[in-house]
>>> print(open('entry.pdb').read())   # PDB, C-alpha atoms
MODEL        1
ATOM      1  CA  MET O   1       4.323 143.490  71.965
ATOM      2  CA  ARG O   2       1.107 141.957  70.703
ATOM      3  CA  LEU O   3       0.554 138.385  69.649
ATOM      4  CA  LEU O   4      -1.304 138.246  66.346
ATOM      5  CA  SER O   5      -1.831 134.623  65.487
ATOM      6  CA  LEU O   6      -1.407 131.046  66.620
ATOM      7  CA  ILE O   7       0.657 131.194  69.828
ATOM      8  CA  LEU O   8      -1.639 130.925  72.822
ATOM      9  CA  LEU O   9      -0.630 132.581  76.063
ATOM     10  CA  ALA O  10      -1.933 129.694  78.143
ATOM     11  CA  LEU O  11       0.365 127.279  76.354
ATOM     12  CA  LEU O  12       3.369 129.512  76.931
ATOM     13  CA  CYS O  13       2.733 129.756  80.643
ATOM     14  CA  VAL O  14       2.446 126.008  81.261
ATOM     15  CA  ALA O  15       5.430 123.628  81.293
ATOM     16  CA  ALA O  16       5.174 120.443  79.288
ATOM     17  CA  LYS O  17       5.516 118.498  82.524
ATOM     18  CA  PRO O  18       5.642 119.601  86.187
ATOM     19  CA  ALA O  19       9.045 121.013  87.149
ATOM     20  CA  PRO O  20      10.562 120.493  90.593
ATOM     21  CA  VAL O  21      10.164 123.260  93.155
ATOM     22  CA  GLN O  22      13.216 125.514  93.197
ATOM     23  CA  PRO O  23      14.484 128.186  95.628
ATOM     24  CA  GLU O  24      15.222 131.811  94.836
ATOM     25  CA  ILE O  25      17.759 133.225  92.400
ATOM     26  CA  VAL O  26      19.413 136.659  92.384
ATOM     27  CA  VAL O  27      20.199 138.224  89.015
ATOM     28  CA  VAL O  28      21.632 141.565  87.920
ATOM     29  CA  PRO O  29      20.122 143.596  85.050
ATOM     30  CA  GLY O  30      22.351 143.460  82.005
ATOM     31  CA  GLN O  31      24.312 140.427  83.201
ATOM     32  CA  PRO O  32      23.455 137.151  81.392
ATOM     33  CA  VAL O  33      22.860 133.927  83.306
ATOM     34  CA  THR O  34      23.820 130.421  82.246
ATOM     35  CA  VAL O  35      20.991 128.251  80.938
ATOM     36  CA  THR O  36      21.357 124.642  79.889
ATOM     37  CA  VAL O  37      19.226 123.612  76.913
ATOM     38  CA  ARG O  38      19.247 119.895  76.204
ATOM     39  CA  GLY O  39      22.484 119.687  78.181
ATOM     40  CA  VAL O  40      24.206 122.498  76.271
ATOM     41  CA  PRO O  41      25.128 125.667  78.234
ATOM     42  CA  ILE O  42      24.129 128.986  76.704
ATOM     43  CA  THR O  43      23.748 132.497  78.112
ATOM     44  CA  ALA O  44      20.461 134.373  78.425
ATOM     45  CA  LEU O  45      19.713 137.920  79.534
ATOM     46  CA  PRO O  46      17.289 138.191  82.480
ATOM     47  CA  GLN O  47      14.581 140.744  81.661
ATOM     48  CA  ALA O  48      12.191 141.935  84.358
ATOM     49  CA  ASP O  49       9.552 142.550  81.667
ATOM     50  CA  GLY O  50      10.542 139.431  79.760
ATOM     51  CA  PHE O  51       8.356 136.651  78.454
ATOM     52  CA  SER O  52       7.039 133.697  80.432
ATOM     53  CA  THR O  53       9.307 131.372  78.471
ATOM     54  CA  LEU O  54      12.927 131.259  77.395
ATOM     55  CA  VAL O  55      13.395 133.124  74.106
ATOM     56  CA  LEU O  56      16.388 132.133  71.989
ATOM     57  CA  ASN O  57      17.959 134.184  69.264
ATOM     58  CA  GLY O  58      16.929 132.614  65.967
ATOM     59  CA  ASP O  59      20.474 131.692  64.948
ATOM     60  CA  VAL O  60      21.007 129.939  68.284
ATOM     61  CA  ALA O  61      17.901 127.786  67.810
ATOM     62  CA  MET O  62      19.117 126.894  64.335
ATOM     63  CA  ARG O  63      22.647 126.117  65.549
ATOM     64  CA  MET O  64      21.250 123.836  68.263
ATOM     65  CA  GLY O  65      19.082 122.012  65.738
ATOM     66  CA  ILE O  66      15.797 122.846  67.493
ATOM     67  CA  LYS O  67      12.861 122.165  65.189
ATOM     68  CA  ALA O  68       9.789 124.384  65.269
ATOM     69  CA  GLY O  69       6.564 122.802  66.513
ATOM     70  CA  MET O  70       3.027 123.419  65.320
ATOM     71  CA  ILE O  71       2.511 126.500  67.490
ATOM     72  CA  GLY O  72       3.861 129.568  65.747
ATOM     73  CA  GLY O  73       2.741 132.771  64.138
ATOM     74  CA  THR O  74       3.541 136.454  63.977
ATOM     75  CA  GLY O  75       4.266 139.050  66.656
ATOM     76  CA  LYS O  76       3.902 142.800  66.259
ATOM     77  CA  ILE O  77       5.929 145.759  67.531
ATOM     78  CA  GLY O  78       4.002 148.869  66.551
ATOM     79  CA  PRO O  79       3.382 148.306  62.815
ATOM     80  CA  VAL O  80       6.341 145.913  62.426
ATOM     81  CA  LYS O  81       5.513 142.196  62.119
ATOM     82  CA  ILE O  82       8.045 139.532  63.142
ATOM     83  CA  ALA O  83       7.701 135.769  62.601
ATOM     84  CA  VAL O  84       7.840 133.619  65.755
ATOM     85  CA  SER O  85       8.377 129.884  66.253
ATOM     86  CA  SER O  86       8.198 127.630  69.298
ATOM     87  CA  ALA O  87       9.102 124.168  70.552
ATOM     88  CA  VAL O  88       9.076 122.165  73.789
ATOM     89  CA  VAL O  89      12.592 121.347  74.976
ATOM     90  CA  PRO O  90      14.241 120.682  78.361
ATOM     91  CA  TYR O  91      16.098 123.588  79.946
ATOM     92  CA  GLY O  92      17.306 124.626  83.386
ATOM     93  CA  VAL O  93      18.831 127.666  85.077
ATOM     94  CA  GLY O  94      21.236 126.237  87.628
ATOM     95  CA  THR O  95      18.593 123.526  88.116
ATOM     96  CA  PRO O  96      17.778 120.099  86.685
ATOM     97  CA  GLU O  97      16.359 120.466  83.205
ATOM     98  CA  ALA O  98      12.625 120.131  82.676
ATOM     99  CA  LYS O  99      10.621 120.326  79.475
ATOM    100  CA  ARG O 100       9.173 123.762  78.857
ATOM    101  CA  ARG O 101       8.060 125.736  75.831
ATOM    102  CA  ILE O 102      10.607 128.087  74.284
ATOM    103  CA  LEU O 103      10.315 130.722  71.547
ATOM    104  CA  TRP O 104      12.518 132.245  68.887
ATOM    105  CA  PHE O 105      11.869 135.081  66.483
ATOM    106  CA  ALA O 106      13.070 135.962  63.021
ATOM    107  CA  GLU O 107      15.116 138.749  64.645
ATOM    108  CA  PRO O 108      17.566 138.366  67.590
ATOM    109  CA  MET O 109      15.893 138.749  70.978
ATOM    110  CA  ALA O 110      19.061 139.721  72.867
ATOM    111  CA  ALA O 111      22.185 141.489  71.641
ATOM    112  CA  LYS O 112      24.080 140.258  74.700
ATOM    113  CA  GLY O 113      24.046 136.461  74.961
ATOM    114  CA  ASP O 114      22.061 133.755  73.218
ATOM    115  CA  GLY O 115      18.573 134.765  74.314
ATOM    116  CA  ALA O 116      16.489 136.203  77.130
ATOM    117  CA  LEU O 117      13.991 135.131  79.770
ATOM    118  CA  GLY O 118      11.547 136.836  82.114
ATOM    119  CA  PRO O 119      10.809 136.027  85.760
ATOM    120  CA  ALA O 120       8.071 133.524  84.862
ATOM    121  CA  ALA O 121      10.529 131.570  82.693
ATOM    122  CA  PHE O 122      12.930 130.911  85.579
ATOM    123  CA  PRO O 123      12.458 127.545  87.340
ATOM    124  CA  GLN O 124      13.007 129.301  90.685
ATOM    125  CA  ASN O 125       9.986 130.390  92.726
ATOM    126  CA  VAL O 126      11.524 133.749  93.652
ATOM    127  CA  VAL O 127      13.475 135.868  91.170
ATOM    128  CA  ILE O 128      15.309 138.880  92.613
ATOM    129  CA  PHE O 129      16.731 141.635  90.414
ATOM    130  CA  GLN O 130      19.565 143.268  92.389
ATOM    131  CA  LEU O 131      19.669 146.866  91.175
ATOM    132  CA  ARG O 132      22.335 148.248  93.532
ATOM    133  CA  PRO O 133      23.653 147.638  97.071
ATOM    134  CA  SER O 134      21.047 148.034  99.816
ATOM    135  CA  LEU O 135      21.066 151.239 101.838
ATOM    136  CA  ALA O 136      19.930 152.070 105.353
ATOM    137  CA  GLY O 137      16.378 153.363 105.643
ATOM    138  CA  GLU O 138      14.901 151.313 102.822
ATOM    139  CA  ARG O 139      11.427 149.809 103.023
ATOM    140  CA  GLU O 140       9.818 146.899 101.221
ATOM    141  CA  PHE O 141       6.637 147.620  99.285
ATOM    142  CA  SER O 142       4.497 144.647  98.223
ATOM    143  CA  PHE O 143       1.966 144.502  95.368
ATOM    144  CA  PRO O 144      -0.231 141.768  93.887
ATOM    145  CA  MET O 145       1.413 140.307  90.794
ATOM    146  CA  THR O 146      -0.395 139.811  87.517
ATOM    147  CA  GLY O 147       0.349 138.708  83.979
ATOM    148  CA  LYS O 148      -3.074 139.694  82.681
ATOM    149  CA  GLY O 149      -2.899 142.040  79.728
ATOM    150  CA  ALA O 150       0.865 141.691  79.314
ATOM    151  CA  SER O 151       2.657 140.377  76.244
ATOM    152  CA  TYR O 152       3.568 136.698  76.338
ATOM    153  CA  GLY O 153       2.928 136.364  80.063
ATOM    154  CA  SER O 154       5.220 139.137  81.320
ATOM    155  CA  LEU O 155       4.738 139.668  85.064
ATOM    156  CA  GLY O 156       3.760 143.081  86.393
ATOM    157  CA  LEU O 157       1.437 144.921  88.752
ATOM    158  CA  VAL O 158      -1.747 146.911  88.238
ATOM    159  CA  VAL O 159      -1.930 150.520  89.416
ATOM    160  CA  ARG O 160      -5.279 152.230  89.900
ATOM    161  CA  ASP O 161      -4.788 155.712  88.426
ATOM    162  CA  GLY O 162      -7.882 157.859  88.693
ATOM    163  CA  ASP O 163     -10.645 155.894  86.981
ATOM    164  CA  ARG O 164      -8.313 153.615  85.024
ATOM    165  CA  ASP O 165      -6.092 150.617  85.668
ATOM    166  CA  VAL O 166      -2.557 150.794  84.301
ATOM    167  CA  LEU O 167      -0.417 147.664  83.995
ATOM    168  CA  ALA O 168       3.155 148.416  85.076
ATOM    169  CA  LEU O 169       6.036 146.296  83.804
ATOM    170  CA  PHE O 170       9.706 146.869  84.654
ATOM    171  CA  ASP O 171      12.103 147.404  81.737
ATOM    172  CA  LEU O 172      15.410 147.679  83.569
ATOM    173  CA  ASP O 173      17.503 147.635  80.391
ATOM    174  CA  ARG O 174      15.913 150.937  79.355
ATOM    175  CA  ALA O 175      16.804 154.303  80.899
ATOM    176  CA  HIS O 176      13.454 156.065  80.462
ATOM    177  CA  SER O 177       9.973 154.763  81.168
ATOM    178  CA  ILE O 178       7.972 154.326  77.970
ATOM    179  CA  VAL O 179       4.295 154.115  76.934
ATOM    180  CA  SER O 180       2.300 153.734  73.722
ATOM    181  CA  ALA O 181      -0.023 156.443  72.415
ATOM    182  CA  PRO O 182      -3.231 155.291  74.218
ATOM    183  CA  THR O 183      -1.445 155.216  77.580
ATOM    184  CA  ALA O 184       0.150 158.617  76.895
ATOM    185  CA  ASN O 185      -3.326 160.005  76.198
ATOM    186  CA  GLY O 186      -4.666 158.489  79.420
ATOM    187  CA  LEU O 187      -1.797 159.800  81.552
ATOM    188  CA  ALA O 188      -2.135 163.282  80.050
ATOM    189  CA  ALA O 189      -5.897 163.265  80.616
ATOM    190  CA  ARG O 190      -5.475 162.370  84.308
ATOM    191  CA  HIS O 191      -2.255 164.189  85.164
ATOM    192  CA  GLY O 192      -1.919 166.927  82.568
ATOM    193  CA  GLY O 193       1.180 166.976  80.433
ATOM    194  CA  THR O 194       3.211 168.403  77.589
ATOM    195  CA  LEU O 195       4.977 166.611  74.747
ATOM    196  CA  SER O 196       8.456 167.711  73.724
ATOM    197  CA  ALA O 197       8.744 169.324  70.302
ATOM    198  CA  ALA O 198      11.629 167.019  69.383
ATOM    199  CA  THR O 199      11.078 163.440  68.225
ATOM    200  CA  THR O 200      13.659 160.769  68.987
ATOM    201  CA  ARG O 201      13.981 157.080  68.116
ATOM    202  CA  GLU O 202      13.455 154.510  70.879
ATOM    203  CA  MET O 203      14.610 150.900  70.604
ATOM    204  CA  ILE O 204      11.655 148.652  71.511
ATOM    205  CA  ARG O 205      12.676 145.021  70.885
ATOM    206  CA  MET O 206      14.554 142.946  68.333
ATOM    207  CA  GLY O 207      16.053 145.877  66.471
ATOM    208  CA  VAL O 208      12.748 147.684  66.003
ATOM    209  CA  GLU O 209      12.967 151.430  66.659
ATOM    210  CA  ARG O 210       9.903 153.646  66.965
ATOM    211  CA  PRO O 211       9.542 157.456  67.032
ATOM    212  CA  ALA O 212       8.861 158.856  70.503
ATOM    213  CA  ARG O 213       8.484 162.193  72.260
ATOM    214  CA  ARG O 214       9.041 162.991  75.902
ATOM    215  CA  LEU O 215       5.786 163.496  77.826
ATOM    216  CA  THR O 216       6.319 165.613  80.937
ATOM    217  CA  LEU O 217       3.453 165.188  83.418
ATOM    218  CA  ALA O 218       2.052 168.066  85.463
ATOM    219  CA  THR O 219       1.581 165.727  88.442
ATOM    220  CA  PRO O 220       3.532 162.466  88.826
ATOM    221  CA  PHE O 221       2.171 159.010  88.118
ATOM    222  CA  LEU O 222       2.642 157.004  91.309
ATOM    223  CA  VAL O 223       3.638 153.332  91.527
ATOM    224  CA  GLY O 224       4.026 152.723  95.244
ATOM    225  CA  PRO O 225       7.181 154.654  96.221
ATOM    226  CA  LEU O 226       7.972 155.559  92.590
ATOM    227  CA  LYS O 227       7.066 159.034  91.344
ATOM    228  CA  ILE O 228       7.156 159.047  87.559
ATOM    229  CA  SER O 229       7.120 162.606  86.237
ATOM    230  CA  ALA O 230       8.044 161.975  82.591
ATOM    231  CA  VAL O 231       7.820 159.126  80.070
ATOM    232  CA  MET O 232       8.766 158.534  76.470
ATOM    233  CA  ALA O 233       5.559 158.352  74.427
ATOM    234  CA  ARG O 234       5.358 156.224  71.272
ATOM    235  CA  THR O 235       3.061 158.814  69.757
ATOM    236  CA  ASN O 236       1.918 156.821  66.701
ATOM    237  CA  ASP O 237       1.711 153.243  67.996
ATOM    238  CA  TYR O 238      -1.737 151.631  68.548
ATOM    239  CA  GLY O 239      -3.307 155.049  68.010
ATOM    240  CA  ASN O 240      -1.811 158.526  68.209
ATOM    241  CA  ALA O 241      -1.146 161.204  70.814
ATOM    242  CA  ASN O 242      -1.991 164.205  68.636
ATOM    243  CA  ALA O 243      -4.386 165.592  71.254
ATOM    244  CA  ILE O 244      -1.666 166.152  73.864
ATOM    245  CA  ARG O 245      -0.302 169.669  74.094
ATOM    246  CA  SER O 246       3.180 170.118  72.625
ATOM    247  CA  GLU O 247       5.957 172.491  73.681
ATOM    248  CA  ASP O 248       5.714 174.332  70.363
ATOM    249  CA  ASP O 249       1.931 174.886  70.505
ATOM    250  CA  ASP O 250       0.636 178.453  70.542
ATOM    251  CA  PRO O 251      -0.081 179.139  74.267
ATOM    252  CA  ASP O 252      -3.135 181.197  73.274
ATOM    253  CA  GLU O 253      -4.779 178.228  71.578
ATOM    254  CA  ILE O 254      -7.081 175.879  73.487
ATOM    255  CA  VAL O 255      -5.502 172.437  73.441
ATOM    256  CA  VAL O 256      -6.952 169.194  74.795
ATOM    257  CA  THR O 257      -4.430 167.713  77.251
ATOM    258  CA  GLY O 258      -5.227 164.110  76.419
ATOM    259  CA  ALA O 259      -8.094 161.873  75.420
ATOM    260  CA  ALA O 260      -8.665 158.743  77.499
ATOM    261  CA  THR O 261      -9.715 155.595  75.644
ATOM    262  CA  ASP O 262     -10.913 152.123  76.572
ATOM    263  CA  LYS O 263      -7.746 150.545  75.176
ATOM    264  CA  PRO O 264      -5.493 148.733  77.669
ATOM    265  CA  GLN O 265      -2.974 151.051  79.281
ATOM    266  CA  LEU O 266       0.562 149.862  79.996
ATOM    267  CA  ILE O 267       3.767 151.507  81.170
ATOM    268  CA  ARG O 268       7.241 149.988  81.054
ATOM    269  CA  ILE O 269       9.170 151.494  83.951
ATOM    270  CA  GLY O 270      12.794 152.270  83.103
ATOM    271  CA  ALA O 271      15.934 152.179  85.224
ATOM    272  CA  GLU O 272      15.968 155.920  85.947
ATOM    273  CA  ASP O 273      12.632 155.730  87.747
ATOM    274  CA  MET O 274      13.970 152.792  89.776
ATOM    275  CA  ALA O 275      17.060 154.706  90.937
ATOM    276  CA  GLY O 276      15.818 154.844  94.542
ATOM    277  CA  CYS O 277      15.370 151.062  94.749
ATOM    278  CA  SER O 278      17.889 148.319  95.448
ATOM    279  CA  ARG O 279      15.762 145.240  94.713
ATOM    280  CA  LEU O 280      12.869 144.140  92.544
ATOM    281  CA  THR O 281      11.496 140.774  93.669
ATOM    282  CA  PHE O 282       9.083 138.500  91.823
ATOM    283  CA  ASP O 283       7.589 135.948  94.212
ATOM    284  CA  LYS O 284       5.635 133.438  92.149
ATOM    285  CA  VAL O 285       4.479 131.460  95.183
ATOM    286  CA  GLN O 286       3.070 134.449  97.072
ATOM    287  CA  LYS O 287       2.062 136.032  93.741
ATOM    288  CA  THR O 288       3.568 139.345  94.767
ATOM    289  CA  ILE O 289       6.037 141.875  93.381
ATOM    290  CA  ARG O 290       8.143 143.568  96.052
ATOM    291  CA  LEU O 291      10.113 146.794  95.695
ATOM    292  CA  THR O 292      12.871 147.538  98.195
ATOM    293  CA  CYS O 293      13.317 151.293  98.043
ATOM    294  CA  ARG O 294      13.967 154.486  99.923
ATOM    295  CA  SER O 295      10.761 156.320 100.808
ATOM    296  CA  GLU O 296      10.151 159.967 101.612
TER     297      GLU O 296
ENDMDL
END
>>> encode(input="entry.pdb", output="structure tokens")
Amino acid sequence: MRLLSLILLALLCVAAKPAPVQPEIVVVPGQPVTVTVRGVPITALPQADGFSTLVLNGDVAMRMGIKAGMIGGTGKIGPVKIAVSSAVVPYGVGTPEAKRRILWFAEPMAAKGDGALGPAAFPQNVVIFQLRPSLAGEREFSFPMTGKGASYGSLGLVVRDGDRDVLALFDLDRAHSIVSAPTANGLAARHGGTLSAATTREMIRMGVERPARRLTLATPFLVGPLKISAVMARTNDYGNANAIRSEDDDPDEIVVTGAATDKPQLIRIGAEDMAGCSRLTFDKVQKTIRLTCRSE
């Protein structure tokens, strides 16, 4: 999701005043946590690819009487624009409240609970997403953590793929990994690939659905121990993926397998590609993302 106007990423990533150091927290994808906002308990969905600040559903912000500050604007999901507001209020997650910036949109951010928050929005230094029980033979894989190039300060890791860097975020509420058209073009150019003939609708955020086709790669895209062999491609968002070969193309025609561009490339890794992992850890002190997974 791209920020179009007045909200500045730097302001979202910085608390209004220093918050006390907190230990780790373990959360489960799909299970809301309790957050206190100005002393009132609400529930928020932890999102591994979530924003660097607590995001309330718009009706919750209104019900709580939170007034919008001067920093606001419009966000964009594909071609869809959504109004966004912000304010500085105290909140905590099993911790003493401290003033931090929060957001709310014209559309609900979370269908389950009163809002959502990403790893950077937690007061705790270490945020662990428990995906399943640990198994014997797992290893821990560590990667430098970055928020550069991500929407609203989402935390991810950068993968060097051929001659390009790809920012990987983790969307654990989604089954399939998903990319926009420029990233689909880049993956197809480096790995080869074929788009499905059928188009489906993929939910992106806040009720916005976008058309997508399954891109099956000839060789997998590797993220440490993860081998991603197929993604859902948003074929008409931020460009188009018309150059990628489709299942229903004439096999006798010469078809370009993908055109790389200079646009930022980003993949949101879904739950199916994380099936071999038990934990996803965001360590904001060490500035690392750690995957605890089986390895071949």
>>> resolve_selection(input="entry.pdb", expression="the PyMOL selection byres ((chain O and resi 203-218) around 7)", output="PyMOL selection string")
chain O and resi 107-109+188+191-196+198-202+219-220+229-235
>>> atom_distance(input="entry.pdb", atom1="CA of Val179 (chain O)", atom2="CA of Met274 (chain O)")
16.1 Å
>>> resolve_selection(input="entry.pdb", expression="the PyMOL selection byres ((chain O and resi 38) around 12)", output="number ranges by chain")
O: 35-37, 39-42, 61, 64-66, 88-93, 96-100
>>> resolve_selection(input="entry.pdb", expression="the PyMOL selection byres ((chain O and resi 45) around 12)", output="MDAnalysis selection string")
chainID O and resid 27:35 42:44 46:51 54:57 93 109:119 121:122 129 172:173
>>> write_last_selection(input="entry.pdb", atoms="C-alpha atoms", output="short mmCIF file (atom, residue, chain, number, x, y, z; two decimals), in the coordinates of the input")
data_model
loop_
_atom_site.label_atom_id
_atom_site.label_comp_id
_atom_site.auth_asym_id
_atom_site.auth_seq_id
_atom_site.Cartn_x
_atom_site.Cartn_y
_atom_site.Cartn_z
CA VAL O 27 20.20 138.22 89.02
CA VAL O 28 21.63 141.56 87.92
CA PRO O 29 20.12 143.60 85.05
CA GLY O 30 22.35 143.46 82.00
CA GLN O 31 24.31 140.43 83.20
CA PRO O 32 23.46 137.15 81.39
CA VAL O 33 22.86 133.93 83.31
CA THR O 34 23.82 130.42 82.25
CA VAL O 35 20.99 128.25 80.94
CA ILE O 42 24.13 128.99 76.70
CA THR O 43 23.75 132.50 78.11
CA ALA O 44 20.46 134.37 78.42
CA PRO O 46 17.29 138.19 82.48
CA GLN O 47 14.58 140.74 81.66
CA ALA O 48 12.19 141.94 84.36
CA ASP O 49 9.55 142.55 81.67
CA GLY O 50 10.54 139.43 79.76
CA PHE O 51 8.36 136.65 78.45
CA LEU O 54 12.93 131.26 77.40
CA VAL O 55 13.40 133.12 74.11
CA LEU O 56 16.39 132.13 71.99
CA ASN O 57 17.96 134.18 69.26
CA VAL O 93 18.83 127.67 85.08
CA MET O 109 15.89 138.75 70.98
CA ALA O 110 19.06 139.72 72.87
CA ALA O 111 22.18 141.49 71.64
CA LYS O 112 24.08 140.26 74.70
CA GLY O 113 24.05 136.46 74.96
CA ASP O 114 22.06 133.76 73.22
CA GLY O 115 18.57 134.76 74.31
CA ALA O 116 16.49 136.20 77.13
CA LEU O 117 13.99 135.13 79.77
CA GLY O 118 11.55 136.84 82.11
CA PRO O 119 10.81 136.03 85.76
CA ALA O 121 10.53 131.57 82.69
CA PHE O 122 12.93 130.91 85.58
CA PHE O 129 16.73 141.64 90.41
CA LEU O 172 15.41 147.68 83.57
CA ASP O 173 17.50 147.64 80.39
#
>>> atom_distance(input="entry.pdb", atom1="CA of Gly276 (chain O)", atom2="CA of Ser295 (chain O)")
8.2 Å
>>> closest_residue(input="entry.pdb", among="O:Leu280, O:Leu103, O:Ile269, O:Val285", to="Asp171 (chain O)", atoms="all atoms listed in the file")
O:Ile269
>>> closest_residue(input="entry.pdb", among="O:Ala275, O:Ala168, O:Ala184, O:Ala83", to="Leu222 (chain O)", atoms="only C-alpha atoms")
O:Ala168
>>> closest_residue(input="entry.pdb", among="O:Val158, O:Met145, O:Ala106, O:Ile77", to="Gly58 (chain O)", atoms="only C-alpha atoms")
O:Ala106
>>> closest_residue(input="entry.pdb", among="O:Ile128, O:Leu155, O:Ala136, O:Ala189", to="Cys293 (chain O)", atoms="only C-alpha atoms")
O:Ala136
>>> axis_aligned_box(input="entry.pdb", around="region 80-87 of chain O", padding_each_side="3 Å", output="JSON")
{"center_x": 7.3, "center_y": 135.0, "center_z": 66.3, "size_x": 9.6, "size_y": 27.7, "size_z": 14.4}
>>> closest_residue(input="entry.pdb", among="O:Val126, O:Ile71, O:Leu157, O:Ile178", to="Arg268 (chain O)", atoms="all atoms listed in the file")
O:Ile178
>>> atom_distance(input="entry.pdb", atom1="CA of Pro225 (chain O)", atom2="CA of Cys277 (chain O)")
9.1 Å
>>> closest_residue(input="entry.pdb", among="O:Leu167, O:Val127, O:Ala197, O:Leu187", to="Lys284 (chain O)", atoms="all atoms listed in the file")
O:Val127
>>> residues_around(input="entry.pdb", residues="Ile289 (chain O)", least_positions_apart="2", cutoff="9 Å", atoms="only C-alpha atoms", output="list in words")
Phe141, Ser142, Phe143, Pro144, Met145, Thr146, Leu155, Gly156, Leu157, Leu280, Thr281, Phe282, Asp283, Lys284, Gln286, Lys287 and Leu291 of chain O
>>> write_last_selection(input="entry.pdb", atoms="C-alpha atoms", output="mmCIF file, keeping the file's coordinate frame")
data_model
loop_
_atom_site.group_PDB
_atom_site.id
_atom_site.type_symbol
_atom_site.label_atom_id
_atom_site.label_comp_id
_atom_site.auth_asym_id
_atom_site.auth_seq_id
_atom_site.Cartn_x
_atom_site.Cartn_y
_atom_site.Cartn_z
ATOM 1 C CA PHE O 141 6.637 147.620 99.285
ATOM 2 C CA SER O 142 4.497 144.647 98.223
ATOM 3 C CA PHE O 143 1.966 144.502 95.368
ATOM 4 C CA PRO O 144 -0.231 141.768 93.887
ATOM 5 C CA MET O 145 1.413 140.307 90.794
ATOM 6 C CA THR O 146 -0.395 139.811 87.517
ATOM 7 C CA LEU O 155 4.738 139.668 85.064
ATOM 8 C CA GLY O 156 3.760 143.081 86.393
ATOM 9 C CA LEU O 157 1.437 144.921 88.752
ATOM 10 C CA LEU O 280 12.869 144.140 92.544
ATOM 11 C CA THR O 281 11.496 140.774 93.669
ATOM 12 C CA PHE O 282 9.083 138.500 91.823
ATOM 13 C CA ASP O 283 7.589 135.948 94.212
ATOM 14 C CA LYS O 284 5.635 133.438 92.149
ATOM 15 C CA GLN O 286 3.070 134.449 97.072
ATOM 16 C CA LYS O 287 2.062 136.032 93.741
ATOM 17 C CA LEU O 291 10.113 146.794 95.695
#
>>> decode(input="entry.pdb", residues="region 161-165 of chain O", atoms="all heavy atoms", output="PDB file, in the first residue's frame")
ATOM      1  N   ASP O 161      18.097 -11.339  -5.485  1.00  0.00           N
ATOM      2  CA  ASP O 161      17.602 -12.329  -6.442  1.00  0.00           C
ATOM      3  C   ASP O 161      18.142 -11.976  -7.815  1.00  0.00           C
ATOM      4  O   ASP O 161      17.643 -11.064  -8.475  1.00  0.00           O
ATOM      5  CB  ASP O 161      16.074 -12.323  -6.439  1.00  0.00           C
ATOM      6  CG  ASP O 161      15.484 -13.429  -7.293  1.00  0.00           C
ATOM      7  OD1 ASP O 161      15.940 -14.577  -7.173  1.00  0.00           O
ATOM      8  OD2 ASP O 161      14.554 -13.143  -8.082  1.00  0.00           O
ATOM      9  N   GLY O 162      19.189 -12.675  -8.232  1.00  0.00           N
ATOM     10  CA  GLY O 162      19.847 -12.308  -9.477  1.00  0.00           C
ATOM     11  C   GLY O 162      20.462 -10.938  -9.338  1.00  0.00           C
ATOM     12  O   GLY O 162      21.273 -10.694  -8.445  1.00  0.00           O
ATOM     13  N   ASP O 163      20.068 -10.007 -10.200  1.00  0.00           N
ATOM     14  CA  ASP O 163      20.625  -8.652 -10.153  1.00  0.00           C
ATOM     15  C   ASP O 163      19.685  -7.666  -9.467  1.00  0.00           C
ATOM     16  O   ASP O 163      19.889  -6.459  -9.559  1.00  0.00           O
ATOM     17  CB  ASP O 163      20.938  -8.163 -11.569  1.00  0.00           C
ATOM     18  CG  ASP O 163      19.697  -8.101 -12.454  1.00  0.00           C
ATOM     19  OD1 ASP O 163      18.638  -8.641 -12.044  1.00  0.00           O
ATOM     20  OD2 ASP O 163      19.780  -7.529 -13.554  1.00  0.00           O
ATOM     21  N   ARG O 164      18.672  -8.156  -8.774  1.00  0.00           N
ATOM     22  CA  ARG O 164      17.702  -7.280  -8.145  1.00  0.00           C
ATOM     23  C   ARG O 164      17.517  -7.612  -6.671  1.00  0.00           C
ATOM     24  O   ARG O 164      17.681  -8.749  -6.248  1.00  0.00           O
ATOM     25  CB  ARG O 164      16.336  -7.403  -8.838  1.00  0.00           C
ATOM     26  CG  ARG O 164      16.276  -6.837 -10.239  1.00  0.00           C
ATOM     27  CD  ARG O 164      16.647  -5.362 -10.289  1.00  0.00           C
ATOM     28  NE  ARG O 164      15.800  -4.547  -9.419  1.00  0.00           N
ATOM     29  CZ  ARG O 164      14.673  -3.987  -9.811  1.00  0.00           C
ATOM     30  NH1 ARG O 164      14.258  -4.119 -11.061  1.00  0.00           N
ATOM     31  NH2 ARG O 164      13.979  -3.258  -8.977  1.00  0.00           N
ATOM     32  N   ASP O 165      17.157  -6.584  -5.896  1.00  0.00           N
ATOM     33  CA  ASP O 165      16.755  -6.776  -4.514  1.00  0.00           C
ATOM     34  C   ASP O 165      15.236  -6.866  -4.457  1.00  0.00           C
ATOM     35  O   ASP O 165      14.528  -6.088  -5.117  1.00  0.00           O
ATOM     36  CB  ASP O 165      17.215  -5.619  -3.636  1.00  0.00           C
ATOM     37  CG  ASP O 165      18.707  -5.650  -3.362  1.00  0.00           C
ATOM     38  OD1 ASP O 165      19.306  -6.747  -3.470  1.00  0.00           O
ATOM     39  OD2 ASP O 165      19.274  -4.589  -3.050  1.00  0.00           O
TER      40      ASP O 165
END
